[in-house]
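Inspection log for the structure reproduced underneath, given as structure tokens.
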Protein chains: 2
Amino acid sequence: MTIKYDKGKEEYKNWIIEETDFELENLNKFESVFALGNGYLGLRSSLEEKYITEWRGAYLAGLFDQFPGEVTELPNLPDPLLTEIKIDGERVDLSCVEVEAYSRDLNLKTGELNRSFIWEDSRGRKTKFEWKRFVSMAEKHLIMLKVNITPLNYEGEVEIISYLNGQVTNSGVQHFIEKDLRFIKEKNLYYLTARTQESQCDLAAAARHEFYKNGEKIETEAEIKTDRRKISRKHTINVKADQSYSFEKKVFYISSVDQELDSKAEKKTSAKLHQRIIKLVEKYAAADYDQLFKKHAEKWADYWEEMDIKISGNDFDQLAIRFALFHLIQMTPHHTDKLSIAAKGLTGEGYRGHVFWDMETFILPFFIYSFPEKAKELLEYRYHTIAGARKKARQNGYQGAMYAWESALTGEETTPKYGAVDVKTGEAIRIWCGEIEQHITADIAKAVFEYLKVTGDYSFIEDYGAEMLTEMARFWVSRLEYNKDKDYYEIKNVIGPDEYSEHIDNNAYTNYMVYWELINTADLIEELKEKSKAVYQKLKDKINLEFEEINKWRQYAEKIKLPEPDKDLIIPQFDEFMEKKEYDLSKFEGEVGSIVSELGWEEVNEYKIIKQADVVMLMHQLSEYFDDQTKRANYEYYEPKTLHDSSLSPAIHSVLAAKFDHLEEAYKLFSKGARIDLGENMKSSDPGLHSASLGGLWQAVIHGFAGIDVEADELKVEPNLPVEWDRLEFKIYFKGEEYLIKINEDQTEIKNLSE
Amino acid sequence: MTIKYDKGKEEYKNWIIEETDFELENLNKFESVFALGNGYLGLRSSLEEKYITEWRGAYLAGLFDQFPGEVTELPNLPDPLLTEIKIDGERVDLSCVEVEAYSRDLNLKTGELNRSFIWEDSRGRKTKFEWKRFVSMAEKHLIMLKVNITPLNYEGEVEIISYLNGQVTNSGVQHFIEKDLRFIKEKNLYYLTARTQESQCDLAAAARHEFYKNGEKIETEAEIKTDRRKISRKHTINVKADQSYSFEKKVFYISSVDQELDSKAEKKTSAKLHQRIIKLVEKYAAADYDQLFKKHAEKWADYWEEMDIKISGNDFDQLAIRFALFHLIQMTPHHTDKLSIAAKGLTGEGYRGHVFWDMETFILPFFIYSFPEKAKELLEYRYHTIAGARKKARQNGYQGAMYAWESALTGEETTPKYGAVDVKTGEAIRIWCGEIEQHITADIAKAVFEYLKVTGDYSFIEDYGAEMLTEMARFWVSRLEYNKDKDYYEIKNVIGPDEYSEHIDNNAYTNYMVYWELINTADLIEELKEKSKAVYQKLKDKINLEFEEINKWRQYAEKIKLPEPDKDLIIPQFDEFMEKKEYDLSKFEGEVGSIVSELGWEEVNEYKIIKQADVVMLMHQLSEYFDDQTKRANYEYYEPKTLHDSSLSPAIHSVLAAKFDHLEEAYKLFSKGARIDLGENMKSSDPGLHSASLGGLWQAVIHGFAGIDVEADELKVEPNLPVEWDRLEFKIYFKGEEYLIKINEDQTEIKNLSE
């Protein structure tokens, strides 16, 4: 097996993920699983050497650009990693030889990627390589790498060519216009500048090299070369057996969007980018890898102190939850409240860096309970992008704020209109989500209420929430369609969470969520009118809120068609669902999406084939609305029809299953969710990690097994540990106070740490 | 040695170039040396499998696009070659294993690329692969490839994934906006469409696959997949030992510039590109590789019948001259008079597909003597782009037509303003050629006279030449600077052919050429006034030509400063040349350009360091102006100071040396020129072939060793064969009649084939 979980010993036990063999076919998996980042920069963990299967990627949060004919995306930054090493002219390349003692690992505790191996060339000369790398949590502009080279049995010449390579693209798309390539000898640095084509953002990247022999700094001959979009520096060193030679490289990135986005920036500057990056390189010129790594690791220690979840009983589960937390923190734009977390974070070009409902529904709960202040900022992203949502509503003939299914910097809709070619028709599949997968506007509203419920932070409602909720309510009221015959409001032609059924009417999930949202928004705004008169008045003035409008929300809500449970307590997923044909799904359970590439899109739409939790999702979201019997009945009815072809699905099923004591099933689904990225499937993570699944995993543990919830303004802890676990320990925040919660098989301890 | 020249036997003796070993580091060399093309399409000979060192490239003549911030170039077309083959899941890859019986060769006689080898996988299963490929000379839109797979010792499953891959770029630059990806099952084809960003040219590419078992067509399971800009089809076949399985792929390209450029198009159509390409695929649907190859090879036979040069005495020289002719024909836009031949033809992205003086000065003579009708069309390119030259003159404050140093579709200046980073300063080197390397306007004028002299085709003068020459003369007259003190005209601040001296005054080459041009143009236009009154009148009306103007040309010419030979008969290359310091060049003679990356640009400018023939070039161009003694003296003075760091240089020196019986030296230089691309240096041809050097090689043979020239309206044949050769035979055209010329050591036979 190529991926192993038990490398960490003692203080690193259950902190380390290991790749034990070099396999060309698995590179993309590990580029994602081992991805590094600090929320400002994201870096796929490609190898320093070039390989034919590689998919290099580095991204800067919020630096979007739209190539003509495509949707906006995060441009792939000039690659900082590419390094060619030659031993007496022979290129170091792992794809051809049996490599000795190969191990690559990601240390979640310290955020460091390590790789070591002994390479034997065709002439029998052996060299030990030890690579290290981190993306600094202490200095967000910095990526640093180091290689330690030890010739084991020869004397010879080592050549190291290190690149800043701006020839990389997003699968062939080039976003950057090349500006300057320069090097400054006396400062020992080189840099490049570039500008995005459409968004006109400036970027600068700079690098600095240092060499050491047995730990002592040495000077080397360096030859600079430039090519189109590419600058390299070649060093040649004469080496001897059993001596150690180290190469350290610092790479910095800055962009013109930094100041615009950075709500916490020290101070604004009008200095030009290349001047700023030169300054940055010089600031860190004297510091070596170990020093800078120490500062970075300290930041990680702080995070773990705050958020670690300790699971006792199963090592993999312990590692898996840490893997989830690690990546969630790496994806978080800590430096700004103007950005959020994308469906793949900053780990790959999948979903183009766009933010989906994944954020509020799957990921946000972790932040609400663990980093409430960051949760607030993440929600603020939706406030800062409300202009885009208003625009989308107007464009579709509606009122208020209709949030984008896929959202980037401005909140405008960025869902592509076409996807892959359909196997049956030969034409590109039309993607309708940007137009009709509308439940996201209810999901965001739900998240605002959830944040309030758990944190009690009413200031968010005053500053942002009330306006957002009003605008979202206005959207739904304009969206609802009155059915005169039946005297109810319908929502026709939508897609629910289950995307294998398109153009459906009265999706249970959507309709219930809208009902719930309108009622609760009406309550909240009425309360605001009493509680915060000044804010209410300001809101009235700003967006013309009239009190009658609130009544209207309530009146409309009361008349929304809410699909009723049938005699077996089953709520139909949408109007015609029960009439659809059944389909034997067993052969498609192995590979995500295989059913579509086998049957074609139209046929999939004809059957009771469910991609992911829909009615089950509803039961999760509005848990208090459905009794346990109904939940159980629907879970049991829908789960077998569900392919879990979305990474969003298993964890949510797990939460529900845990709540009604289907513990074995809950654990099975938790395990399935835990393995989506971290598991042995070498093809599941190529274009990036599944951030919602990482958030879902937290929910499965905290909402599911630990049974954490807030009811009637009280923190509820009703644990239901799987038999595999004997202890669970974590901290959470509730209404501004921090609690340490320790759960044993037979005892639950809750300690208020803020008292 | 990796490159060998003796593979061809019997009818293919001295027709085949062979790569005998697979070496990752040599791929780019062979991509260029083995490049295929038909003047409409050019295809670098990358391998079907993907390798980390590859530099894939396919280009369509005249399909230019300008990426923001860069100069216009030929966009890299979606790659037609990429094919992944797996034997029971194991990827066929030559970079890791010792490959048995590897041989790849280009057959110059038939224009076919072959590759065969036996691949042994890690489980000891052996498979014989035989690849073939051609770019059709009979159907310009077609590239065809075939692989024959023979399992030698196993039964198993072979998977073939074939791509049309639009993710390729020009070193990271993406010119195309993606449009449709589609496949049409019932027609067994798939296609993609795209549009260039700036020039808004549409492109369509389509492919069709066929399978054969032991020569019989078979059906296979095929799975289509699409990704960004990429469409692939996967076939899975069960194979048995010693059976032969063939896969054939036809790829077609068409573009919206076709009709615009194609002066010989059958008829114009308004059909959409995708409709046209579907029709094209269907037209050839029934034909197999062998049938289509036959048609292609017949076209090549016609060319060879016409142009082959037979050298007896040295096999390599025979192969080398054929190599030159083969590529010259492949680079020639046979289908149009609106395009010319770029510095690298269609063999790579070096010089971005731009046309230089290389064309008229180095390449055109071959066409004038071998394909006079095509020579005329190639010259017409300068007529069709005269608007660009007029624009350049105006932009620089001059009159008439000032031709671009680098020219693309419109004739506007397309020289980049900056090049690589200077090693000394760390800043990008300013490229001045677009502004001040002005001799090209005299070179084009010279070529017009040369064409007229050899072909006697006065109609070209009437239709195009008179206008071109008038406009060029006007440019020079406005360009000349009057020196009152000395009472002469100067040309200050230029670059001559030797680009290692910039911003020089009174470059001998430039000044003499301008003088010659003005005098001859005056004579010609005066003659036209007498000979072709109607044409002269038309010209007068069209471009306001006044007879006094012609006198002015003559007056100015007579007063141009022409650097005089000194007491040793040496003509100074420019005003201050003789005061420059000498430099020991010996250490830089190995690697082209190494002097610049060692000394930096400024320092190179300070010495008597000559990149390429300059005064020697002048003696070649205006041979009749200088007596043999002067030629010899200058040759002997300048050659030792010349690095031949331009591929344009050796062949011209060779011509001169041959003329005054420095035969050994002439042969040495010929050999040097012959090896620029075809030789053993594996790094000289990466970004494409040196088309001027190919043309220069023809000149070394025909003008040099065969001593062909036209003097006083007579064909002159004064051979001077090197001792290595005992016979030389070729055909040429002179004034519309074709001659067969056979030269032995002691006899020259001239036969008029048109009589």
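Please note that chains go A, B, ... in the order of the structure tokens, that every chain numbers its residues from 1, and that ligands are numbered from 1 in the order shown.
Selected on chain A by distance to chain B: Lys50, Tyr51, Ile52, Pro68, Gly69, Cys96, Gln167, Val168, Thr169, Ser171, Gly172, Val173, Gln174, Ile177, Glu178, Arg182, Phe183, Ile184, Ile224, Thr226, Asp227, Arg228, Ala420, Val421, Val423, Gly426 and Glu427 of chain A (within 7 Å, counting only C-alpha atoms).
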### Task
Please give the complete set of residues from stretch 248-497 of chain A that DSSP, run on the backbone, assigns to strand (DSSP E), formatted as a PyMOL selection string.
chain A and resi 248-255+310-312+418-421+428-430+481-483+488-490
### Query
Can you list every residue in stretch 278-356 of chain A that DSSP puts in helix (DSSP H, G or I), as an MDAnalysis selection string?
chainID A and resid 278:283 289:307 315:331 350:353
### Task
For B:Val71, please output as a list of chain:residue names all residues within 6 Å (counting only C-alpha atoms; exclusion window: fewer than 3 positions along the same chain).
B:Gln66, B:Thr414, B:Pro416
### Task
Excluding A:Lys735 and residues on its chain fewer than 6 positions from it, collect all residues at most 8 Å away from it, counting only C-alpha atoms, and give them as a PyMOL selection string.
chain A and resi 454-457
### Task
Please identify all polymer residues within 10 Å of B:Phe326, counting only C-alpha atoms, omitting same-chain residues fewer than 2 positions from it, and present them as a ChimeraX atom specification.
/B:36-37,107-111,300,303-304,307-308,320-324,328-331,694
Could you turn the residues from that selection into a file that holds N, CA and C atoms, as a short mmCIF file (atom, residue, chain, number, x, y, z; two decimals), in the first residue's frame?
```cif
data_model
loop_
_atom_site.label_atom_id
_atom_site.label_comp_id
_atom_site.auth_asym_id
_atom_site.auth_seq_id
_atom_site.Cartn_x
_atom_site.Cartn_y
_atom_site.Cartn_z
N LEU B 36 7.63 17.48 -39.51
CA LEU B 36 6.90 17.24 -40.75
C LEU B 36 6.04 18.46 -41.08
N GLY B 37 5.71 18.58 -42.34
CA GLY B 37 4.87 19.71 -42.70
C GLY B 37 4.56 19.73 -44.18
N ASN B 107 12.28 9.55 -43.50
CA ASN B 107 12.58 9.26 -44.89
C ASN B 107 12.31 10.52 -45.72
N LEU B 108 13.38 11.13 -46.19
CA LEU B 108 13.24 12.40 -46.92
C LEU B 108 12.59 12.20 -48.27
N LYS B 109 12.73 11.00 -48.81
CA LYS B 109 12.19 10.75 -50.15
C LYS B 109 10.67 10.71 -50.12
N THR B 110 10.12 10.16 -49.04
CA THR B 110 8.67 9.96 -48.97
C THR B 110 7.99 10.83 -47.93
N GLY B 111 8.78 11.52 -47.11
CA GLY B 111 8.17 12.36 -46.08
C GLY B 111 7.43 11.56 -45.03
N TRP B 300 5.72 13.99 -53.15
CA TRP B 300 7.14 14.14 -52.86
C TRP B 300 8.00 13.71 -54.03
N TYR B 303 8.31 16.51 -56.39
CA TYR B 303 9.26 17.54 -55.96
C TYR B 303 10.70 17.10 -56.20
N TRP B 304 10.99 15.86 -55.84
CA TRP B 304 12.39 15.40 -55.97
C TRP B 304 12.83 15.33 -57.42
N MET B 307 13.83 18.92 -58.06
CA MET B 307 14.82 19.70 -57.30
C MET B 307 16.02 18.94 -56.76
N ASP B 308 16.03 17.64 -56.88
CA ASP B 308 17.10 16.89 -56.22
C ASP B 308 18.48 17.34 -56.71
N ALA B 320 22.75 15.72 -46.52
CA ALA B 320 22.57 17.06 -45.95
C ALA B 320 21.87 18.00 -46.92
N ILE B 321 22.24 17.93 -48.18
CA ILE B 321 21.60 18.85 -49.13
C ILE B 321 20.12 18.44 -49.33
N ARG B 322 19.87 17.12 -49.30
CA ARG B 322 18.47 16.67 -49.39
C ARG B 322 17.67 17.09 -48.16
N PHE B 323 18.32 16.99 -47.01
CA PHE B 323 17.68 17.45 -45.77
C PHE B 323 17.27 18.92 -45.91
N ALA B 324 18.17 19.72 -46.46
CA ALA B 324 17.88 21.14 -46.65
C ALA B 324 16.70 21.34 -47.59
N LEU B 328 13.00 22.87 -46.75
CA LEU B 328 12.58 24.09 -47.44
C LEU B 328 11.20 23.89 -48.07
N ILE B 329 11.00 22.75 -48.67
CA ILE B 329 9.70 22.47 -49.29
C ILE B 329 8.60 22.33 -48.23
N GLN B 330 8.94 21.69 -47.12
CA GLN B 330 7.94 21.53 -46.05
C GLN B 330 7.51 22.86 -45.44
N MET B 331 8.39 23.85 -45.49
CA MET B 331 8.12 25.15 -44.88
C MET B 331 7.38 26.09 -45.81
N LEU B 694 19.50 26.40 -44.15
CA LEU B 694 19.14 25.43 -45.18
C LEU B 694 19.25 26.06 -46.56
#
```
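Atom pair atom CA of A:Phe660 / atom CA of A:Arg632: separated by 7.3 Å.
Atom to atom, atom CA of B:Tyr351 and atom CA of B:Leu74 stand 9.8 Å apart.
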### Message
Report as a ChimeraX atom specification all protein, DNA and RNA residues lying within 9 Å of stretch 676-681 of chain A, evaluated on only C-alpha atoms, omitting residues in the same chain fewer than 3 positions from it.
### Response
/A:1-4,17,29,32-33,320,323,647,671-673,684-685,688-690,693-694
Output C-alpha atoms of each residue in that selection to a file, as a PDB file, in the first residue's frame.
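Listing of part.pdb after writing:
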```pdb
ATOM      1  CA  MET A   1       0.000   0.000   0.000  1.00  0.00           C
ATOM      2  CA  THR A   2       1.258   3.435  -0.943  1.00  0.00           C
ATOM      3  CA  ILE A   3      -0.491   5.477   1.738  1.00  0.00           C
ATOM      4  CA  LYS A   4       0.156   4.669   5.376  1.00  0.00           C
ATOM      5  CA  ILE A  17       0.392  10.658   6.763  1.00  0.00           C
ATOM      6  CA  LYS A  29      -3.582  12.150  -5.090  1.00  0.00           C
ATOM      7  CA  SER A  32      -3.914  17.232  -2.974  1.00  0.00           C
ATOM      8  CA  VAL A  33      -3.697  15.186   0.224  1.00  0.00           C
ATOM      9  CA  ALA A 320      -8.563  11.455   9.929  1.00  0.00           C
ATOM     10  CA  PHE A 323      -6.404  15.673   8.684  1.00  0.00           C
ATOM     11  CA  SER A 647     -18.593  13.914  -0.945  1.00  0.00           C
ATOM     12  CA  SER A 671     -15.392   5.936   7.871  1.00  0.00           C
ATOM     13  CA  LYS A 672     -16.519   6.344   4.285  1.00  0.00           C
ATOM     14  CA  GLY A 673     -16.399  10.120   4.666  1.00  0.00           C
ATOM     15  CA  SER A 684     -10.543  10.564  -5.728  1.00  0.00           C
ATOM     16  CA  SER A 685      -8.624  13.737  -4.983  1.00  0.00           C
ATOM     17  CA  GLY A 688      -8.193  18.970  -4.993  1.00  0.00           C
ATOM     18  CA  LEU A 689      -9.606  18.019  -1.618  1.00  0.00           C
ATOM     19  CA  HIS A 690     -13.290  17.918  -0.708  1.00  0.00           C
ATOM     20  CA  SER A 693     -16.418  16.450   3.381  1.00  0.00           C
ATOM     21  CA  LEU A 694     -13.760  17.660   5.816  1.00  0.00           C
TER      22      LEU A 694
END
```
### Message
I want to know what sits within 7 Å of A:Ser255, based on only C-alpha atoms, with residues of the same chain fewer than 3 positions away left out; could you give that as a list of chain:residue names?
### Response
A:Cys201, A:Asp202, A:Leu203, A:Ala204, A:Asp258
### Task
Name the closest residue to A:Pro719 among the candidates A:Ala207, A:Ala706, A:Leu27, A:Ala534; distances are taken between atoms, counting only C-alpha atoms.
A:Ala706
### Message
Between atom CA of B:Leu152 and atom CA of B:Phe247, what is the distance in Å, rounded to a tenth?
### Response
17.4 Å
